[in-house]
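What follows is the content of start_24.cif, which has mmCIF, C-alpha atoms:
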```cif
data_final
loop_
_atom_site.label_atom_id
_atom_site.label_comp_id
_atom_site.auth_asym_id
_atom_site.auth_seq_id
_atom_site.Cartn_x
_atom_site.Cartn_y
_atom_site.Cartn_z
CA MET Y 1 21.20 20.59 25.84
CA ASP Y 2 19.78 17.24 26.95
CA THR Y 3 16.20 18.23 26.24
CA MET Y 4 14.24 19.10 23.11
CA ARG Y 5 10.78 20.25 22.06
CA ALA Y 6 8.29 17.67 20.80
CA ALA Y 7 4.59 17.67 19.90
CA ARG Y 8 3.19 14.82 21.98
CA LEU Y 9 -0.21 13.18 21.84
CA HIS Y 10 -1.60 11.79 25.10
CA VAL Y 11 -3.67 8.99 23.58
CA PRO Y 12 -6.23 8.35 26.36
CA SER Y 13 -7.30 12.03 26.44
CA ARG Y 14 -6.42 12.78 22.77
CA THR Y 15 -4.57 15.87 23.97
CA LEU Y 16 -1.78 17.37 21.82
CA THR Y 17 0.84 19.52 23.57
CA VAL Y 18 4.32 20.80 22.71
CA GLU Y 19 6.56 19.74 25.58
CA GLU Y 20 10.18 19.71 26.69
CA VAL Y 21 11.30 16.08 26.69
CA ALA Y 22 14.59 14.25 26.95
CA LYS Y 23 16.64 14.23 23.76
CA PRO Y 24 16.77 10.56 22.67
CA ASP Y 25 20.06 8.70 22.49
CA PRO Y 26 20.50 6.18 19.67
CA GLY Y 27 20.89 2.56 20.67
CA PRO Y 28 22.63 -0.17 18.65
CA GLY Y 29 21.53 0.00 15.01
CA GLN Y 30 19.87 3.40 15.50
CA VAL Y 31 20.56 6.92 14.26
CA ARG Y 32 19.48 10.23 15.76
CA VAL Y 33 18.22 12.64 13.11
CA LYS Y 34 17.95 16.41 13.44
CA VAL Y 35 14.51 17.10 11.97
CA GLU Y 36 14.40 19.81 9.29
CA ALA Y 37 10.82 19.31 8.10
CA ALA Y 38 7.87 17.07 9.05
CA GLY Y 39 4.58 16.65 7.23
CA VAL Y 40 1.10 16.97 8.72
CA CYS Y 41 -1.17 14.20 7.47
CA LEU Y 42 -4.89 13.52 7.80
CA SER Y 43 -3.87 10.39 9.70
CA ASP Y 44 -2.42 12.68 12.38
CA VAL Y 45 -5.79 14.43 12.56
CA HIS Y 46 -7.53 11.07 12.96
CA LEU Y 47 -5.15 10.05 15.75
CA ILE Y 48 -6.03 13.24 17.61
CA ASP Y 49 -9.79 13.01 17.04
CA GLY Y 50 -9.87 9.33 18.04
CA THR Y 51 -10.76 7.85 14.65
CA LEU Y 52 -7.42 6.02 14.66
CA SER Y 53 -5.58 4.48 17.60
CA PRO Y 54 -2.05 3.05 17.87
CA LEU Y 55 -1.92 -0.73 17.91
CA TYR Y 56 1.57 -1.26 19.29
CA LEU Y 57 2.39 1.87 21.29
CA GLU Y 58 4.20 1.27 24.57
CA GLY Y 59 2.88 3.79 27.07
CA GLU Y 60 0.17 6.43 26.75
CA SER Y 61 1.92 9.20 24.79
CA VAL Y 62 3.67 9.43 21.43
CA THR Y 63 5.45 12.11 19.40
CA LEU Y 64 3.44 12.41 16.18
CA GLY Y 65 4.84 12.69 12.65
CA HIS Y 66 5.51 9.95 10.08
CA GLU Y 67 6.71 12.19 7.22
CA VAL Y 68 10.21 13.28 8.19
CA ALA Y 69 13.38 14.67 6.57
CA GLY Y 70 16.56 15.97 8.19
CA THR Y 71 20.24 15.34 8.80
CA VAL Y 72 22.05 12.62 10.72
CA ASP Y 73 23.04 14.00 14.13
CA LEU Y 74 24.41 11.02 16.06
CA VAL Y 75 25.10 7.41 15.09
CA GLY Y 76 24.63 4.48 17.47
CA GLU Y 77 26.71 1.32 17.75
CA ASP Y 78 26.78 -1.20 14.90
CA VAL Y 79 25.75 1.43 12.33
CA ALA Y 80 27.83 1.69 9.18
CA GLY Y 81 27.51 4.00 6.19
CA TRP Y 82 26.02 7.01 7.96
CA GLU Y 83 27.80 10.07 9.34
CA PRO Y 84 26.69 13.26 11.07
CA GLY Y 85 25.53 15.80 8.51
CA ASP Y 86 24.21 13.25 6.00
CA ARG Y 87 20.90 14.41 4.49
CA VAL Y 88 18.14 11.80 4.87
CA VAL Y 89 14.43 11.13 4.53
CA LEU Y 90 12.88 8.53 6.83
CA GLN Y 91 10.61 5.66 5.92
CA ALA Y 92 7.18 6.09 7.52
CA GLY Y 93 7.53 2.85 9.46
CA GLU Y 94 9.36 -0.42 9.82
CA SER Y 95 8.72 -4.13 10.19
CA ARG Y 96 9.28 -5.60 13.65
CA GLU Y 97 8.98 -9.37 13.88
CA GLY Y 98 6.75 -9.41 10.82
CA THR Y 99 4.46 -6.61 12.03
CA THR Y 100 4.43 -3.10 10.58
CA HIS Y 101 5.02 -0.37 13.16
CA THR Y 102 4.27 3.17 12.00
CA ARG Y 103 6.49 6.10 12.95
CA GLY Y 104 4.62 8.73 14.92
CA VAL Y 105 1.90 6.22 15.75
CA ASP Y 106 3.41 3.11 17.31
CA TYR Y 107 6.68 4.81 18.26
CA ASP Y 108 7.94 8.40 18.47
CA GLY Y 109 7.95 10.33 15.20
CA GLY Y 110 9.26 13.55 13.75
CA TRP Y 111 7.19 16.38 15.22
CA ALA Y 112 10.23 17.19 17.32
CA GLU Y 113 13.70 18.69 17.11
CA TYR Y 114 15.23 15.20 16.92
CA ALA Y 115 13.95 11.74 16.02
CA LEU Y 116 15.36 8.25 16.39
CA ALA Y 117 15.37 5.92 13.42
CA THR Y 118 16.58 2.41 12.73
CA ALA Y 119 19.45 2.75 10.26
CA ALA Y 120 17.63 0.59 7.71
CA THR Y 121 14.79 3.13 7.54
CA LEU Y 122 17.05 5.97 6.38
CA VAL Y 123 17.06 6.90 2.69
CA PRO Y 124 19.89 9.16 1.41
CA LEU Y 125 18.69 12.53 0.19
CA PRO Y 126 20.59 14.36 -2.58
CA ASP Y 127 21.30 18.07 -2.31
CA THR Y 128 18.99 18.68 -5.29
CA ILE Y 129 15.88 17.95 -3.18
CA SER Y 130 14.79 20.36 -0.46
CA PHE Y 131 13.91 19.03 2.98
CA ASP Y 132 10.39 20.40 2.49
CA GLN Y 133 9.80 18.33 -0.65
CA ALA Y 134 11.53 15.28 0.82
CA ALA Y 135 9.43 15.25 3.98
CA ILE Y 136 6.19 14.59 2.10
CA ILE Y 137 7.53 11.75 -0.04
CA PRO Y 138 6.90 9.08 2.64
CA ASP Y 139 3.12 8.55 2.65
CA ALA Y 140 1.76 11.65 0.86
CA VAL Y 141 3.55 10.62 -2.33
CA SER Y 142 4.68 7.04 -1.72
CA THR Y 143 1.18 5.79 -0.86
CA PRO Y 144 -0.40 6.83 -4.19
CA TRP Y 145 2.77 5.76 -6.01
CA ALA Y 146 2.51 2.27 -4.52
CA ALA Y 147 -1.22 2.16 -5.24
CA ILE Y 148 -0.63 3.09 -8.89
CA THR Y 149 2.47 1.05 -9.72
CA GLY Y 150 1.76 -1.87 -7.40
CA THR Y 151 -1.82 -2.54 -6.33
CA GLY Y 152 -3.42 -0.85 -9.34
CA ASP Y 153 -0.78 -2.09 -11.80
CA VAL Y 154 -1.46 0.86 -14.13
CA ARG Y 155 0.10 0.64 -17.58
CA ALA Y 156 0.88 3.44 -20.04
CA GLY Y 157 -2.11 4.38 -22.15
CA GLU Y 158 -4.72 3.04 -19.74
CA PRO Y 159 -7.68 5.31 -18.89
CA VAL Y 160 -7.84 5.98 -15.16
CA GLY Y 161 -9.92 7.89 -12.63
CA VAL Y 162 -9.07 9.59 -9.33
CA TRP Y 163 -11.82 10.27 -6.76
CA GLY Y 164 -10.82 12.82 -4.12
CA VAL Y 165 -8.12 15.34 -5.04
CA GLY Y 166 -6.76 16.13 -1.59
CA GLY Y 167 -3.19 15.46 -0.45
CA LEU Y 168 -3.04 11.88 -1.73
CA GLY Y 169 -5.31 12.36 -4.73
CA ALA Y 170 -3.42 15.39 -6.07
CA HIS Y 171 -0.23 13.36 -6.08
CA GLY Y 172 -2.16 10.45 -7.57
CA VAL Y 173 -3.07 12.63 -10.55
CA GLN Y 174 0.52 13.82 -10.97
CA LEU Y 175 1.94 10.30 -10.72
CA LEU Y 176 -0.62 8.75 -13.07
CA ARG Y 177 0.38 11.30 -15.67
CA ALA Y 178 4.05 10.48 -15.02
CA VAL Y 179 3.53 6.76 -15.74
CA GLY Y 180 1.69 7.54 -18.97
CA ALA Y 181 -1.93 6.82 -18.04
CA TYR Y 182 -4.42 8.44 -20.45
CA PRO Y 183 -6.83 9.98 -20.02
CA VAL Y 184 -6.54 10.87 -16.32
CA VAL Y 185 -10.01 11.79 -15.03
CA ALA Y 186 -10.39 13.51 -11.65
CA VAL Y 187 -13.66 13.60 -9.69
CA ASP Y 188 -14.24 15.86 -6.69
CA PRO Y 189 -17.21 17.94 -5.43
CA ALA Y 190 -15.00 20.95 -4.59
CA PRO Y 191 -14.27 23.43 -7.40
CA ALA Y 192 -10.85 24.26 -5.93
CA ALA Y 193 -9.92 20.57 -5.90
CA ARG Y 194 -10.96 20.18 -9.53
CA GLU Y 195 -8.85 23.19 -10.49
CA ARG Y 196 -5.91 21.65 -8.63
CA ALA Y 197 -6.43 18.36 -10.45
CA LEU Y 198 -6.15 20.10 -13.80
CA ALA Y 199 -3.05 21.98 -12.62
CA PHE Y 200 -1.47 18.69 -11.51
CA GLY Y 201 -2.05 17.08 -14.90
CA ALA Y 202 -5.58 15.68 -15.10
CA ASP Y 203 -7.06 15.62 -18.58
CA ALA Y 204 -10.55 16.29 -17.23
CA ALA Y 205 -12.05 17.12 -13.84
CA PHE Y 206 -15.71 16.51 -13.00
CA ASP Y 207 -18.05 17.23 -10.12
CA SER Y 208 -19.12 14.00 -8.43
CA ALA Y 209 -22.69 15.38 -8.40
CA ASP Y 210 -22.74 15.80 -12.18
CA PRO Y 211 -25.63 13.63 -13.48
CA GLU Y 212 -23.76 13.27 -16.78
CA LEU Y 213 -20.59 11.96 -15.15
CA ARG Y 214 -20.88 8.41 -16.49
CA ALA Y 215 -21.67 9.60 -20.01
CA LYS Y 216 -18.74 12.02 -19.95
CA VAL Y 217 -16.28 9.36 -18.79
CA LEU Y 218 -17.48 6.93 -21.45
CA THR Y 219 -17.11 9.62 -24.10
CA LEU Y 220 -13.55 10.38 -22.96
CA THR Y 221 -12.63 6.69 -23.08
CA GLY Y 222 -14.26 5.91 -26.41
CA GLY Y 223 -16.98 3.93 -24.65
CA ALA Y 224 -14.50 1.60 -22.94
CA GLY Y 225 -14.77 2.87 -19.37
CA LEU Y 226 -11.88 3.12 -16.94
CA ALA Y 227 -9.17 0.48 -16.62
CA ALA Y 228 -8.52 1.59 -13.04
CA ALA Y 229 -10.28 3.85 -10.56
CA PHE Y 230 -8.68 5.08 -7.35
CA ASP Y 231 -10.70 6.05 -4.28
CA PHE Y 232 -8.56 8.48 -2.28
CA ALA Y 233 -11.58 9.80 -0.35
CA GLY Y 234 -12.64 6.74 1.65
CA VAL Y 235 -16.32 7.48 1.02
CA PRO Y 236 -18.81 4.65 0.23
CA ALA Y 237 -20.72 6.74 -2.34
CA VAL Y 238 -17.45 7.43 -4.16
CA ARG Y 239 -16.72 3.73 -4.46
CA GLU Y 240 -20.16 2.93 -5.78
CA GLN Y 241 -19.89 5.75 -8.33
CA ALA Y 242 -16.45 4.59 -9.48
CA LEU Y 243 -17.79 1.08 -10.09
CA THR Y 244 -20.35 2.47 -12.53
CA VAL Y 245 -17.64 3.80 -14.87
CA LEU Y 246 -15.22 0.86 -14.74
CA GLY Y 247 -14.65 -1.00 -17.98
CA PRO Y 248 -14.30 -4.77 -18.46
CA LYS Y 249 -11.64 -6.20 -16.10
CA GLY Y 250 -11.40 -2.75 -14.50
CA ARG Y 251 -9.78 -2.40 -11.05
CA LEU Y 252 -11.20 -0.33 -8.22
CA VAL Y 253 -8.35 0.46 -5.83
CA LEU Y 254 -9.34 1.47 -2.28
CA VAL Y 255 -6.73 3.85 -0.87
CA GLY Y 256 -8.88 6.08 1.34
CA LEU Y 257 -9.88 4.43 4.61
CA THR Y 258 -13.40 3.98 5.95
CA ALA Y 259 -15.13 1.58 8.32
CA HIS Y 260 -18.34 1.69 6.27
CA PRO Y 261 -19.32 -1.22 4.02
CA LEU Y 262 -18.90 -1.21 0.25
CA THR Y 263 -21.93 -2.13 -1.87
CA VAL Y 264 -21.71 -3.72 -5.31
CA THR Y 265 -25.14 -2.83 -6.65
CA ASP Y 266 -25.12 -5.20 -9.62
CA GLY Y 267 -23.11 -8.25 -8.62
CA THR Y 268 -23.98 -10.14 -11.78
CA LEU Y 269 -22.64 -7.39 -14.05
CA PHE Y 270 -19.57 -7.02 -11.83
CA SER Y 271 -18.78 -10.72 -12.27
CA TYR Y 272 -19.67 -10.74 -15.99
CA LEU Y 273 -17.24 -7.87 -16.62
CA GLN Y 274 -14.61 -9.63 -14.44
CA GLN Y 275 -13.99 -6.47 -12.47
CA GLN Y 276 -11.92 -6.37 -9.29
CA ILE Y 277 -11.82 -4.46 -6.01
CA ARG Y 278 -8.34 -4.18 -4.50
CA GLY Y 279 -7.47 -2.89 -1.05
CA HIS Y 280 -4.37 -0.76 -0.62
CA TYR Y 281 -2.42 0.53 2.36
CA GLY Y 282 0.80 2.54 2.59
CA SER Y 283 3.88 1.67 0.57
CA ASP Y 284 6.82 -0.74 0.55
CA GLU Y 285 10.46 -0.02 1.37
CA HIS Y 286 11.54 0.37 -2.26
CA HIS Y 287 8.97 3.05 -3.13
CA VAL Y 288 10.58 5.94 -1.23
CA PRO Y 289 14.04 5.42 -2.81
CA GLN Y 290 12.35 5.23 -6.22
CA LEU Y 291 10.62 8.56 -5.67
CA VAL Y 292 13.75 10.20 -4.29
CA ALA Y 293 15.65 9.09 -7.41
CA LEU Y 294 12.91 10.34 -9.75
CA THR Y 295 12.68 13.67 -7.93
CA GLY Y 296 16.44 14.11 -7.76
CA GLY Y 297 16.66 13.32 -11.45
CA GLY Y 298 14.17 16.02 -12.33
CA ARG Y 299 11.35 13.66 -13.41
CA LEU Y 300 9.07 14.69 -10.52
CA ASP Y 301 8.63 17.97 -8.65
CA PHE Y 302 6.59 18.28 -5.47
CA SER Y 303 7.41 21.90 -4.60
CA ARG Y 304 3.84 23.07 -5.32
CA SER Y 305 2.53 20.47 -2.87
CA VAL Y 306 3.98 22.38 0.11
CA SER Y 307 1.06 24.62 1.02
CA GLY Y 308 2.62 26.18 4.10
CA VAL Y 309 5.33 25.80 6.75
CA LEU Y 310 4.61 26.40 10.43
CA PRO Y 311 6.87 26.30 13.50
CA LEU Y 312 6.61 23.25 15.74
CA GLU Y 313 4.87 25.32 18.42
CA GLU Y 314 1.94 25.74 16.01
CA ALA Y 315 1.38 22.01 15.52
CA ALA Y 316 -2.21 22.31 16.77
CA GLU Y 317 -2.89 25.09 14.25
CA ALA Y 318 -1.46 22.95 11.42
CA VAL Y 319 -3.74 20.11 12.49
CA ARG Y 320 -6.73 22.46 12.54
CA ARG Y 321 -6.01 23.74 9.03
CA THR Y 322 -5.56 20.21 7.75
CA GLU Y 323 -8.85 19.10 9.31
CA THR Y 324 -10.89 22.12 8.16
CA LYS Y 325 -9.09 22.37 4.78
CA GLU Y 326 -8.55 26.07 5.45
CA GLY Y 327 -6.61 27.49 2.51
CA ASP Y 328 -7.16 24.23 0.60
CA PRO Y 329 -3.75 22.76 1.53
CA VAL Y 330 -2.13 19.81 -0.20
CA ARG Y 331 0.42 19.38 2.60
CA LEU Y 332 1.39 21.55 5.57
CA LEU Y 333 4.82 21.15 7.17
CA LEU Y 334 6.19 21.69 10.65
CA ARG Y 335 9.70 23.04 11.11
CA PRO Y 336 11.27 22.61 14.58
#
```
This structure in C-alpha cells:
Amino acid sequence: MDTMRAARLHVPSRTLTVEEVAKPDPGPGQVRVKVEAAGVCLSDVHLIDGTLSPLYLEGESVTLGHEVAGTVDLVGEDVAGWEPGDRVVLQAGESREGTTHTRGVDYDGGWAEYALATAATLVPLPDTISFDQAAIIPDAVSTPWAAITGTGDVRAGEPVGVWGVGGLGAHGVQLLRAVGAYPVVAVDPAPAARERALAFGADAAFDSADPELRAKVLTLTGGAGLAAAFDFAGVPAVREQALTVLGPKGRLVLVGLTAHPLTVTDGTLFSYLQQQIRGHYGSDEHHVPQLVALTGGGRLDFSRSVSGVLPLEEAAEAVRRTETKEGDPVRLLLRP
C-alpha cells in the first residue's frame, strides 16, 4: 500500500486526527522506519493545547511523536550500514544548519505506521531491549540523564533532590541512584507520586506542603543541604522551595519548562553561598546510545515505566490520560 495511518496535528486549529496519508519515501541520506512503539509526552499535550508551537514547521500540519522505536523498512541513497529489519531507536531531533529541529514538532514524527529519519539519527537497538522500553529512552529518559550527568554534573555520594516525580522525575530518581547520588530526596504533593519515587529508588519522599521539609532535608544531609536540586515540574514555587534547601555551591537545575519568572528571595545569601541556577533542555546525541548500552547491559531497566499501550487510533485518548494523569502514568505508548 502507498498510504499509511498517522496521527496529525493541524497547528492553527490545534486539532488532532488520525488520517490516511501518503507513505513517505526516503530521500538521499534518509531511512524509512516501520514504527513499533511511540511514546506520548507532556510536550505533545502542550502542542495540542497551544502552550507550545513549532518554530520551524513547513506547512500547517505535523505527525506528532518524538519518542520512536522500530525497524528499518527502506533505505535511501547514500546510506551505508543500515538494512531492512535492523532494530533501531530514533533520536528525538537533529541539527540542521546549527539549529535543533525536533521530531514530531518541526517535522513529521512517529505517531504513524512509518517514519522518515536521517540515517545519523538512528541508534542500533539490541534484541535484549523491547521496543516499548526503547521508545521512551529519547526524551523521557535521556533528558533527565543529560540533566544529571551533564548540566547538573552530579557526582557519587552527593545529596540530591528531585521536585516533581512524573515521567521525567521518576526516571530522574532512578538515574540519580544509578550514578551513586546519596541521599536521593523526592518532593511531590501527590501521595502516589511519592510512593513511585520510593519504588524507583528514592531514599526519602516528602510532601512539598510539609512545613518541616527544610528541617527534614537538613537532617538527612547532616546539615549540609543538597548539592543539586532538579526541578522537573516547571513550577515557580518549586524552584523557590528547592533554593531553600541547597547547600553551599549547590546547583538548581531547571528541567521543567515554564514562562513564569524565578525569584531568588535572598540574593545576598545566594551569592554568599556561591549557589548556581542552571537551565537545561533535552539531551545530546551521545546520551541515547549511552542509555541503550546501559539498558542492554542490564544496568538499567525501564519496563515499569510503560504504564499502558494503546493503538494509534486512540492517540487522543492517550493524550487525555497523559494530561489528566488518569491512572498515574509514567509513560503511555502508541502502537500502530
Point to revise | Output check: residues returned by the PyMOL selection byres ((chain Y and resi 261-278) around 8), as a VMD selection string | key: chain Y and resid 151 to 152 236 239 to 240 243 246 to 254 259 to 260 279 to 280
Could you take the residues named above and write them with C-alpha atoms, as a PDB file, in the frame of the given file?
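Saved result, selection24.pdb, follows:
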```
ATOM      1  CA  THR Y 151      -1.820  -2.540  -6.330  1.00  0.00           C
ATOM      2  CA  GLY Y 152      -3.420  -0.850  -9.340  1.00  0.00           C
ATOM      3  CA  PRO Y 236     -18.810   4.650   0.230  1.00  0.00           C
ATOM      4  CA  ARG Y 239     -16.720   3.730  -4.460  1.00  0.00           C
ATOM      5  CA  GLU Y 240     -20.160   2.930  -5.780  1.00  0.00           C
ATOM      6  CA  LEU Y 243     -17.790   1.080 -10.090  1.00  0.00           C
ATOM      7  CA  LEU Y 246     -15.220   0.860 -14.740  1.00  0.00           C
ATOM      8  CA  GLY Y 247     -14.650  -1.000 -17.980  1.00  0.00           C
ATOM      9  CA  PRO Y 248     -14.300  -4.770 -18.460  1.00  0.00           C
ATOM     10  CA  LYS Y 249     -11.640  -6.200 -16.100  1.00  0.00           C
ATOM     11  CA  GLY Y 250     -11.400  -2.750 -14.500  1.00  0.00           C
ATOM     12  CA  ARG Y 251      -9.780  -2.400 -11.050  1.00  0.00           C
ATOM     13  CA  LEU Y 252     -11.200  -0.330  -8.220  1.00  0.00           C
ATOM     14  CA  VAL Y 253      -8.350   0.460  -5.830  1.00  0.00           C
ATOM     15  CA  LEU Y 254      -9.340   1.470  -2.280  1.00  0.00           C
ATOM     16  CA  ALA Y 259     -15.130   1.580   8.320  1.00  0.00           C
ATOM     17  CA  HIS Y 260     -18.340   1.690   6.270  1.00  0.00           C
ATOM     18  CA  GLY Y 279      -7.470  -2.890  -1.050  1.00  0.00           C
ATOM     19  CA  HIS Y 280      -4.370  -0.760  -0.620  1.00  0.00           C
TER      20      HIS Y 280
END
```
Exercise for review: Select, from Y:Val306, Y:Ala37, Y:Leu213, Y:Ala112, the residue with the minimum atom-to-atom distance to Arg5 (chain Y), counting only C-alpha atoms.
Suggested key: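 Smallest separation from Arg5 (chain Y) among the options: Y:Ala112.
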Practice item. Using the chain letters and residue numbers of this document, give as a list in words the residues selected by the PyMOL selection byres ((chain Y and resi 245) around 8). Key: Arg214, Val217, Leu218, Gly225, Leu226, Gln241, Ala242, Leu243, Thr244, Leu246 and Gly247 of chain Y
Study note, to complete from the structure: Restricting to only C-alpha atoms, whichever of Y:Ala202, Y:Val89, Y:Ala293, Y:Ala146 is closest to Val173 (chain Y) is Y:Ala202
Review point. Just how far from CA of Leu55 (chain Y) is CA of Gly27 (chain Y), in Å to one decimal?
Key: 23.2 Å
Check your understanding: Mind pulling up the distance from CA of Pro336 (chain Y) to CA of Leu312 (chain Y)?
Key ->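 For CA of Leu312 (chain Y) relative to CA of Pro336 (chain Y), the distance reads 4.8 Å.
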Exercise for review: List, as a VMD selection string, every residue that the PyMOL selection byres ((chain Y and resi 7-12) around 6) selects in the file provided.
Suggested key: chain Y and resid 6 13 to 18 60 to 63 111
**Study point:** Atomic distance CA of Ser283 (chain Y) - CA of Val33 (chain Y), expressed in Å with one decimal
**Key:** 22.0 Å
**Study point:** Which of Y:Thr324, Y:Ser43, Y:Thr219, Y:Gln174 sits closest to Arg304 (chain Y) [using only C-alpha atoms]
**Key:** Y:Gln174
**Study point:** Counting all atoms listed in the file, the residue of Y:Thr149, Y:Gln91, Y:Thr51, Y:Thr143 that sits nearest Ala119 (chain Y)
**Key:** Y:Gln91
Point to revise | All residues 12 Å or closer to Thr322 (chain Y), only C-alpha atoms, same chain fewer than 6 positions away omitted, as a list of chain:residue names | key: Y:Gly39, Y:Val40, Y:Cys41, Y:Leu42, Y:Ser43, Y:Asp44, Y:Val45, Y:His46, Y:Gly166, Y:Gly167, Y:Ser307, Y:Gly308, Y:Ala315, Y:Ala316, Y:Asp328, Y:Pro329, Y:Val330, Y:Arg331, Y:Leu332, Y:Leu333
